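Student: Just entry-v1.pdb, nothing more (PDB, C-alpha atoms, pLDDT in the B column):
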```
ATOM      1  CA  MET A1359      22.797   9.631 -66.438  1.00 38.00           C
ATOM      2  CA  SER A1360      23.071   6.031 -65.298  1.00 40.00           C
ATOM      3  CA  THR A1361      26.572   5.653 -66.718  1.00 44.00           C
ATOM      4  CA  GLY A1362      27.623   8.733 -64.759  1.00 54.00           C
ATOM      5  CA  LEU A1363      26.125   7.318 -61.599  1.00 49.00           C
ATOM      6  CA  ILE A1364      27.762   3.945 -62.112  1.00 49.00           C
ATOM      7  CA  ALA A1365      31.152   5.624 -62.164  1.00 57.00           C
ATOM      8  CA  ARG A1366      30.540   7.066 -58.695  1.00 72.00           C
ATOM      9  CA  LEU A1367      28.976   4.097 -56.951  1.00 75.00           C
ATOM     10  CA  HIS A1368      28.341   0.394 -57.160  1.00 80.00           C
ATOM     11  CA  MET A1369      24.655   0.122 -58.057  1.00 82.00           C
ATOM     12  CA  PRO A1370      23.931  -3.305 -56.472  1.00 80.00           C
ATOM     13  CA  THR A1371      25.470  -2.139 -53.191  1.00 83.00           C
ATOM     14  CA  PHE A1372      23.664   1.200 -53.374  1.00 84.00           C
ATOM     15  CA  ARG A1373      20.304  -0.484 -54.028  1.00 87.00           C
ATOM     16  CA  ALA A1374      20.846  -2.974 -51.194  1.00 87.00           C
ATOM     17  CA  GLU A1375      21.726  -0.193 -48.767  1.00 88.00           C
ATOM     18  CA  LEU A1376      18.726   1.839 -49.861  1.00 87.00           C
ATOM     19  CA  ALA A1377      16.464  -1.207 -49.397  1.00 91.00           C
ATOM     20  CA  THR A1378      17.740  -1.677 -45.829  1.00 92.00           C
ATOM     21  CA  ASN A1379      17.176   1.992 -44.906  1.00 87.00           C
ATOM     22  CA  GLN A1380      20.845   2.876 -44.534  1.00 86.00           C
ATOM     23  CA  ASP A1381      19.855   6.481 -45.223  1.00 87.00           C
ATOM     24  CA  VAL A1382      18.238   6.489 -41.770  1.00 90.00           C
ATOM     25  CA  LYS A1383      21.251   4.930 -40.022  1.00 90.00           C
ATOM     26  CA  ASP A1384      24.255   6.363 -41.872  1.00 94.00           C
ATOM     27  CA  PRO A1385      24.614  10.123 -42.459  1.00 96.00           C
ATOM     28  CA  VAL A1386      27.297   9.544 -45.107  1.00 95.00           C
ATOM     29  CA  PHE A1387      24.955   7.307 -47.110  1.00 94.00           C
ATOM     30  CA  LEU A1388      22.163   9.867 -46.693  1.00 96.00           C
ATOM     31  CA  SER A1389      24.526  12.570 -47.914  1.00 96.00           C
ATOM     32  CA  LEU A1390      25.453  10.427 -50.927  1.00 94.00           C
ATOM     33  CA  THR A1391      21.783   9.997 -51.779  1.00 94.00           C
ATOM     34  CA  ILE A1392      21.071  13.719 -51.418  1.00 95.00           C
ATOM     35  CA  SER A1393      24.135  14.644 -53.485  1.00 95.00           C
ATOM     36  CA  LEU A1394      22.830  12.402 -56.269  1.00 92.00           C
ATOM     37  CA  VAL A1395      19.464  14.180 -56.067  1.00 92.00           C
ATOM     38  CA  ALA A1396      21.278  17.508 -56.506  1.00 95.00           C
ATOM     39  CA  LEU A1397      23.153  16.129 -59.501  1.00 94.00           C
ATOM     40  CA  VAL A1398      20.063  14.681 -61.190  1.00 91.00           C
ATOM     41  CA  VAL A1399      18.079  17.900 -60.690  1.00 92.00           C
ATOM     42  CA  SER A1400      20.978  19.919 -62.092  1.00 94.00           C
ATOM     43  CA  VAL A1401      21.696  17.732 -65.106  1.00 91.00           C
ATOM     44  CA  LEU A1402      18.116  16.979 -66.189  1.00 89.00           C
ATOM     45  CA  PRO A1403      16.239  20.302 -66.376  1.00 88.00           C
ATOM     46  CA  SER A1404      13.405  18.765 -68.391  1.00 88.00           C
ATOM     47  CA  ARG A1405      12.472  16.549 -65.418  1.00 84.00           C
ATOM     48  CA  PHE A1406      12.206  19.367 -62.874  1.00 86.00           C
ATOM     49  CA  PRO A1407       8.510  20.161 -63.549  1.00 85.00           C
ATOM     50  CA  SER A1408       7.593  16.552 -62.742  1.00 85.00           C
ATOM     51  CA  TYR A1409       9.567  16.790 -59.479  1.00 83.00           C
ATOM     52  CA  GLN A1410       7.738  20.020 -58.658  1.00 83.00           C
ATOM     53  CA  SER A1411       4.360  18.347 -59.167  1.00 82.00           C
ATOM     54  CA  MET A1412       5.103  15.610 -56.621  1.00 83.00           C
ATOM     55  CA  ASN A1413       3.156  15.743 -53.393  1.00 75.00           C
ATOM     56  CA  THR A1414       5.859  16.674 -50.880  1.00 80.00           C
ATOM     57  CA  ASP A1415       6.174  18.991 -47.890  1.00 78.00           C
ATOM     58  CA  ARG A1416       8.844  21.062 -49.607  1.00 80.00           C
ATOM     59  CA  HIS A1417       8.493  22.825 -52.946  1.00 82.00           C
ATOM     60  CA  PHE A1418      11.234  24.615 -54.857  1.00 89.00           C
ATOM     61  CA  ALA A1419      10.699  27.367 -57.407  1.00 89.00           C
ATOM     62  CA  THR A1420      13.812  26.518 -59.421  1.00 92.00           C
ATOM     63  CA  ARG A1421      16.312  23.721 -59.958  1.00 94.00           C
ATOM     64  CA  SER A1422      18.948  25.943 -58.365  1.00 95.00           C
ATOM     65  CA  ASP A1423      16.832  26.333 -55.225  1.00 95.00           C
ATOM     66  CA  MET A1424      16.468  22.575 -54.908  1.00 94.00           C
ATOM     67  CA  ALA A1425      20.141  21.862 -55.594  1.00 96.00           C
ATOM     68  CA  GLU A1426      21.264  24.543 -53.138  1.00 97.00           C
ATOM     69  CA  TYR A1427      19.008  23.011 -50.503  1.00 96.00           C
ATOM     70  CA  CYS A1428      20.616  19.613 -51.183  1.00 97.00           C
ATOM     71  CA  TRP A1429      24.106  21.149 -50.863  1.00 98.00           C
ATOM     72  CA  THR A1430      23.143  22.725 -47.536  1.00 98.00           C
ATOM     73  CA  VAL A1431      21.726  19.476 -46.167  1.00 97.00           C
ATOM     74  CA  CYS A1432      24.844  17.548 -47.237  1.00 98.00           C
ATOM     75  CA  LEU A1433      27.066  20.040 -45.434  1.00 98.00           C
ATOM     76  CA  GLN A1434      24.863  20.013 -42.333  1.00 98.00           C
ATOM     77  CA  LEU A1435      25.074  16.222 -42.145  1.00 97.00           C
ATOM     78  CA  ARG A1436      28.829  16.446 -41.591  1.00 97.00           C
ATOM     79  CA  SER A1437      30.037  16.185 -38.038  1.00 96.00           C
ATOM     80  CA  ALA A1438      33.194  17.857 -36.806  1.00 96.00           C
ATOM     81  CA  ARG A1439      34.954  14.514 -37.383  1.00 97.00           C
ATOM     82  CA  TYR A1440      33.604  13.938 -40.902  1.00 97.00           C
ATOM     83  CA  TRP A1441      37.039  14.063 -42.527  1.00 96.00           C
ATOM     84  CA  ASP A1442      38.749  11.837 -39.931  1.00 97.00           C
ATOM     85  CA  GLN A1443      38.126   8.895 -42.238  1.00 96.00           C
ATOM     86  CA  ILE A1444      38.480   9.350 -45.982  1.00 95.00           C
ATOM     87  CA  SER A1445      36.414   7.105 -48.236  1.00 93.00           C
ATOM     88  CA  GLN A1446      35.435   6.566 -51.841  1.00 91.00           C
ATOM     89  CA  ARG A1447      31.890   7.448 -50.839  1.00 93.00           C
ATOM     90  CA  LYS A1448      32.976  10.842 -49.498  1.00 96.00           C
ATOM     91  CA  TRP A1449      34.803  11.496 -52.758  1.00 94.00           C
ATOM     92  CA  ALA A1450      31.611  10.596 -54.674  1.00 94.00           C
ATOM     93  CA  ILE A1451      29.602  13.047 -52.569  1.00 96.00           C
ATOM     94  CA  SER A1452      32.020  15.913 -53.176  1.00 96.00           C
ATOM     95  CA  TYR A1453      32.260  15.104 -56.876  1.00 94.00           C
ATOM     96  CA  ALA A1454      28.470  14.943 -57.332  1.00 94.00           C
ATOM     97  CA  LEU A1455      28.064  18.265 -55.507  1.00 96.00           C
ATOM     98  CA  CYS A1456      30.826  19.769 -57.652  1.00 95.00           C
ATOM     99  CA  MET A1457      29.244  18.654 -60.922  1.00 93.00           C
ATOM    100  CA  SER A1458      25.838  19.849 -59.741  1.00 95.00           C
ATOM    101  CA  ALA A1459      27.162  23.318 -58.942  1.00 97.00           C
ATOM    102  CA  PHE A1460      29.026  23.641 -62.237  1.00 95.00           C
ATOM    103  CA  GLN A1461      25.970  22.461 -64.171  1.00 95.00           C
ATOM    104  CA  LEU A1462      23.919  25.271 -62.610  1.00 97.00           C
ATOM    105  CA  GLY A1463      26.554  27.919 -63.273  1.00 97.00           C
ATOM    106  CA  GLN A1464      27.522  28.246 -59.610  1.00 97.00           C
ATOM    107  CA  ASN A1465      31.213  28.269 -60.501  1.00 97.00           C
ATOM    108  CA  ASN A1466      32.709  29.393 -57.186  1.00 98.00           C
ATOM    109  CA  GLN A1467      30.658  26.844 -55.253  1.00 97.00           C
ATOM    110  CA  GLY A1468      31.643  24.234 -57.825  1.00 96.00           C
ATOM    111  CA  ARG A1469      35.323  25.064 -57.361  1.00 96.00           C
ATOM    112  CA  MET A1470      35.048  24.599 -53.592  1.00 97.00           C
ATOM    113  CA  PHE A1471      33.402  21.192 -53.959  1.00 97.00           C
ATOM    114  CA  GLU A1472      35.944  20.356 -56.690  1.00 95.00           C
ATOM    115  CA  ALA A1473      38.850  21.196 -54.371  1.00 96.00           C
ATOM    116  CA  GLU A1474      37.301  18.926 -51.759  1.00 97.00           C
ATOM    117  CA  ALA A1475      36.906  16.100 -54.290  1.00 94.00           C
ATOM    118  CA  MET A1476      40.466  16.521 -55.609  1.00 95.00           C
ATOM    119  CA  GLN A1477      41.948  16.441 -52.113  1.00 96.00           C
ATOM    120  CA  THR A1478      39.872  13.395 -51.179  1.00 94.00           C
ATOM    121  CA  ALA A1479      40.979  11.611 -54.368  1.00 93.00           C
ATOM    122  CA  ARG A1480      44.602  12.435 -53.607  1.00 94.00           C
ATOM    123  CA  LEU A1481      44.292  11.155 -50.034  1.00 94.00           C
ATOM    124  CA  LEU A1482      42.646   7.966 -51.311  1.00 91.00           C
ATOM    125  CA  GLY A1483      45.579   7.511 -53.668  1.00 90.00           C
ATOM    126  CA  VAL A1484      43.383   7.043 -56.725  1.00 89.00           C
ATOM    127  CA  HIS A1485      46.374   8.082 -58.846  1.00 91.00           C
ATOM    128  CA  LEU A1486      48.604   5.356 -57.357  1.00 87.00           C
ATOM    129  CA  VAL A1487      47.810   1.801 -58.422  1.00 85.00           C
ATOM    130  CA  SER A1488      50.010   0.601 -55.539  1.00 85.00           C
ATOM    131  CA  GLU A1489      47.387   2.037 -53.150  1.00 84.00           C
ATOM    132  CA  TYR A1490      44.794  -0.389 -54.529  1.00 84.00           C
ATOM    133  CA  THR A1491      46.494  -3.374 -52.876  1.00 89.00           C
ATOM    134  CA  GLY A1492      44.103  -5.124 -50.521  1.00 88.00           C
ATOM    135  CA  LEU A1493      40.963  -3.497 -51.911  1.00 86.00           C
ATOM    136  CA  ASN A1494      38.083  -5.640 -53.082  1.00 83.00           C
ATOM    137  CA  PRO A1495      37.349  -5.636 -56.840  1.00 86.00           C
ATOM    138  CA  VAL A1496      34.418  -3.216 -56.505  1.00 82.00           C
ATOM    139  CA  GLU A1497      36.443  -0.648 -54.575  1.00 83.00           C
ATOM    140  CA  THR A1498      39.331  -1.038 -57.037  1.00 81.00           C
ATOM    141  CA  GLN A1499      37.054  -0.304 -59.999  1.00 83.00           C
ATOM    142  CA  LEU A1500      35.448   2.656 -58.230  1.00 82.00           C
ATOM    143  CA  ARG A1501      38.863   4.149 -57.529  1.00 83.00           C
ATOM    144  CA  LYS A1502      39.978   3.708 -61.123  1.00 83.00           C
ATOM    145  CA  LYS A1503      36.815   5.420 -62.317  1.00 83.00           C
ATOM    146  CA  ALA A1504      37.294   8.169 -59.725  1.00 83.00           C
ATOM    147  CA  PHE A1505      40.786   8.782 -61.061  1.00 83.00           C
ATOM    148  CA  TRP A1506      39.586   9.229 -64.626  1.00 82.00           C
ATOM    149  CA  LEU A1507      36.579  11.342 -63.680  1.00 83.00           C
ATOM    150  CA  GLN A1508      38.766  13.563 -61.536  1.00 81.00           C
ATOM    151  CA  PHE A1509      41.509  13.718 -64.173  1.00 78.00           C
ATOM    152  CA  PHE A1510      39.219  14.694 -67.038  1.00 76.00           C
ATOM    153  CA  GLY A1511      37.061  16.898 -64.816  1.00 68.00           C
ATOM    154  CA  SER A1512      40.108  19.001 -63.928  1.00 61.00           C
ATOM    155  CA  MET A1513      41.063  19.686 -67.532  1.00 50.00           C
TER     156      MET A1513
END
```
Show how you would write the structure in this file as C-alpha cells.
Tutor:
Amino acid sequence: MSTGLIARLHMPTFRAELATNQDVKDPVFLSLTISLVALVVSVLPSRFPSYQSMNTDRHFATRSDMAEYCWTVCLQLRSARYWDQISQRKWAISYALCMSAFQLGQNNQGRMFEAEAMQTARLLGVHLVSEYTGLNPVETQLRKKAFWLQFFGSM
C-alpha cells in the first residue's frame, strides 16, 4: 500500500502538513486525507475489523459504508469554486476515490471519479513533458507518476 500512496503524494510533505494540522486549515488537504482513508479501507479488507473496534463516535457496519461516507465527506468539502484551480493534489483525491470505488465493486461511482481524475490529469498536462517546465522536482515526479497511474488505470 505504501508504494501506491507514494505515487499519489510526497510522504515527507504529507507528514509535515499532517503534523501542522493542515487538515484543520485546508479543506483540500482534509479531502486528500479522507480519500486515502477510503482507499485504505477498500484495499485492505482484513484490517477493517480492527478499524471497527476503535473507540470512535462513528461506527460502520461494512467497508462499503465507511468508504461511501468518506466519498460523501470529500464531495461536501468542495466549494462552488473547487475546480477554479487545478492541482496535483486534486487529481490524487479523485484518483484515490476512483480506486476505492472500483475496489468495492461500485463501478458507476468509480467511473465518475475516474472521469474526474482523467480530466484533472489532462488539465494538469501530465501527458506533456513541456508542461513540467518550472515545476519543482517533487511536483515533476508526482506528475510523471500520475501520468503512468492514469495511463495504466485506463487500460
Student: In Å to one decimal, how far is atom CA of A:His1417 from atom CA of A:Ser1452?
Tutor: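 Computed distance, atom CA of A:Ser1452 to atom CA of A:His1417, equals 24.5 Å.
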Student: Find the nearest atom pair between each residue of stretch 1375-1417 of chain A and stretch 1458-1476 of chain A for residues within 7 Å, count only C-alpha atoms, give distances in Å to one decimal, sort rows by chain and ascending number, and present the table as JSON lines.
Tutor:
```
{"residue": "A:Ala1396", "atom": "CA", "partner": "A:Ser1458", "partner_atom": "CA", "distance": 6.1}
{"residue": "A:Leu1397", "atom": "CA", "partner": "A:Ser1458", "partner_atom": "CA", "distance": 4.6}
{"residue": "A:Ser1400", "atom": "CA", "partner": "A:Ser1458", "partner_atom": "CA", "distance": 5.4}
{"residue": "A:Val1401", "atom": "CA", "partner": "A:Gln1461", "partner_atom": "CA", "distance": 6.4}
```
Student: Counting only C-alpha atoms, what is within 12 Å of A:Tyr1490, bar same-chain residues fewer than 5 positions away, as JSON, numbers by chain?
Tutor: {"A": [1446, 1482, 1483, 1484, 1485, 1495, 1496, 1497, 1498, 1499, 1500, 1501, 1502, 1505]}
Student: Sort by chain and increasing residue number a table of all residues of stretch 1385-1499 of chain A within 10 Å of stretch 1370-1373 of chain A, each with its closest pair of atoms and their distance in Å to one decimal, counting all atoms listed in the file, and write it as CSV.
Tutor:
```
residue,atom,partner,partner_atom,distance
A:Phe1387,CA,A:Phe1372,CA,8.8
A:Leu1390,CA,A:Phe1372,CA,9.7
A:Thr1391,CA,A:Phe1372,CA,9.1
A:Val1496,CA,A:Thr1371,CA,9.6
```
Student: Restricting the output to C-alpha atoms, write the selected residues as a tab-separated table (two decimals), in the frame of the given file.
Tutor:
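Wrote it out as part_31.tsv, contents follow:
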```
chain	number	residue	atom	x	y	z
A	1387	PHE	CA	24.96	7.31	-47.11
A	1390	LEU	CA	25.45	10.43	-50.93
A	1391	THR	CA	21.78	10.00	-51.78
A	1496	VAL	CA	34.42	-3.22	-56.50
```
Student: So how many Å separate atom CA of A:Asn1494 and atom CA of A:Ala1454, to one decimal?
Tutor: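 If I compute the distance from atom CA of A:Asn1494 to atom CA of A:Ala1454, I get 23.1 Å.
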Student: Ranking A:Ala1504, A:Ala1374, A:Ile1444, A:Val1395 by minimum distance to A:Leu1481 and counting only C-alpha atoms, which one comes first?
Tutor: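 For A:Leu1481, the nearest of the given residues is A:Ile1444.
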Student: Can you tell me, as a list in words, which residues sit within 10 Å of (29.9, 4.9, -41.9) in the file's frame, using all atoms listed in the file?
Tutor: Gln1380, Lys1383, Asp1384, Pro1385, Val1386, Phe1387, Tyr1440, Gln1443, Ser1445 and Arg1447 of chain A
Student: When you count all atoms listed in the file, which of these residues is closest to A:Arg1416: A:Leu1493, A:Val1398, A:Cys1428, A:Leu1486?
Tutor: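 So, comparing all the options, the nearest one is A:Cys1428.
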Student: Can you work out the spacing between atom CA of A:Ala1450 and atom CA of A:Leu1402 in Å, to one decimal?
Tutor: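 Between atom CA of A:Ala1450 and atom CA of A:Leu1402 the gap is 18.9 Å.
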Student: In terms of the shortest atom-to-atom distance over all atoms listed in the file, which of A:Trp1506, A:Trp1449, A:Phe1406, A:Trp1441 is closest to A:Met1424?
Tutor: A:Phe1406
Student: For a quick check of understanding, using only C-alpha atoms, which of A:Thr1430, A:Gln1410, A:Gln1508, A:Thr1491 has the smallest distance to A:Ala1479?
Tutor: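 Nearest to A:Ala1479: A:Gln1508.
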Student: Enclose all atoms of stretch 1475-1488 of chain A listed in the file in an axis-aligned box, grow every side by 3 Å, and hand back centre and edge lengths in Å to one decimal, as lines of an AutoDock Vina configuration file.
Tutor:
```
center_x = 43.5
center_y = 8.6
center_z = -54.4
size_x = 19.1
size_y = 21.9
size_z = 14.8
```
Student: For A:Leu1507, which residue out of A:Val1399, A:Thr1378, A:Leu1433, A:Arg1366 is the nearest one, using only C-alpha atoms?
Tutor: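 Of A:Val1399, A:Thr1378, A:Leu1433, A:Arg1366, the one nearest A:Leu1507, counting only C-alpha atoms, is A:Arg1366.
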Student: With distances taken over all atoms listed in the file, which residue among A:Phe1418, A:Val1487, A:Leu1394, A:Ser1389 lies nearest A:Lys1448?
Tutor: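 Of all the options, A:Ser1389 lies closest to A:Lys1448.
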Student: Some atoms are missing, so please complete stretch 1487-1498 of chain A with N, CA and C atoms and return it as a PDB file, in the frame of the given file.
Tutor:
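Contents of part_18.pdb, freshly written:
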```
ATOM      1  N   VAL A1487      48.310   3.176 -58.362  1.00 85.00           N
ATOM      2  CA  VAL A1487      47.810   1.801 -58.422  1.00 85.00           C
ATOM      3  C   VAL A1487      48.306   0.996 -57.226  1.00 85.00           C
ATOM      4  N   SER A1488      49.475   1.317 -56.705  1.00 85.00           N
ATOM      5  CA  SER A1488      50.010   0.601 -55.539  1.00 85.00           C
ATOM      6  C   SER A1488      49.102   0.757 -54.316  1.00 85.00           C
ATOM      7  N   GLU A1489      48.315   1.816 -54.269  1.00 84.00           N
ATOM      8  CA  GLU A1489      47.387   2.037 -53.150  1.00 84.00           C
ATOM      9  C   GLU A1489      46.150   1.143 -53.237  1.00 84.00           C
ATOM     10  N   TYR A1490      45.965   0.463 -54.343  1.00 84.00           N
ATOM     11  CA  TYR A1490      44.794  -0.389 -54.529  1.00 84.00           C
ATOM     12  C   TYR A1490      44.979  -1.767 -53.892  1.00 84.00           C
ATOM     13  N   THR A1491      46.200  -2.074 -53.471  1.00 89.00           N
ATOM     14  CA  THR A1491      46.494  -3.374 -52.876  1.00 89.00           C
ATOM     15  C   THR A1491      45.596  -3.606 -51.664  1.00 89.00           C
ATOM     16  N   GLY A1492      44.955  -4.764 -51.642  1.00 88.00           N
ATOM     17  CA  GLY A1492      44.103  -5.124 -50.521  1.00 88.00           C
ATOM     18  C   GLY A1492      42.653  -4.685 -50.671  1.00 88.00           C
ATOM     19  N   LEU A1493      42.347  -3.914 -51.693  1.00 86.00           N
ATOM     20  CA  LEU A1493      40.963  -3.497 -51.911  1.00 86.00           C
ATOM     21  C   LEU A1493      40.190  -4.602 -52.615  1.00 86.00           C
ATOM     22  N   ASN A1494      38.900  -4.672 -52.356  1.00 83.00           N
ATOM     23  CA  ASN A1494      38.083  -5.640 -53.082  1.00 83.00           C
ATOM     24  C   ASN A1494      37.891  -5.146 -54.520  1.00 83.00           C
ATOM     25  N   PRO A1495      37.465  -6.017 -55.425  1.00 86.00           N
ATOM     26  CA  PRO A1495      37.349  -5.636 -56.840  1.00 86.00           C
ATOM     27  C   PRO A1495      36.420  -4.441 -57.092  1.00 86.00           C
ATOM     28  N   VAL A1496      35.349  -4.335 -56.327  1.00 82.00           N
ATOM     29  CA  VAL A1496      34.418  -3.216 -56.505  1.00 82.00           C
ATOM     30  C   VAL A1496      35.105  -1.907 -56.155  1.00 82.00           C
ATOM     31  N   GLU A1497      35.749  -1.867 -55.007  1.00 83.00           N
ATOM     32  CA  GLU A1497      36.443  -0.648 -54.575  1.00 83.00           C
ATOM     33  C   GLU A1497      37.569  -0.286 -55.549  1.00 83.00           C
ATOM     34  N   THR A1498      38.267  -1.288 -56.057  1.00 81.00           N
ATOM     35  CA  THR A1498      39.331  -1.038 -57.037  1.00 81.00           C
ATOM     36  C   THR A1498      38.766  -0.366 -58.285  1.00 81.00           C
TER      37      THR A1498
END
```
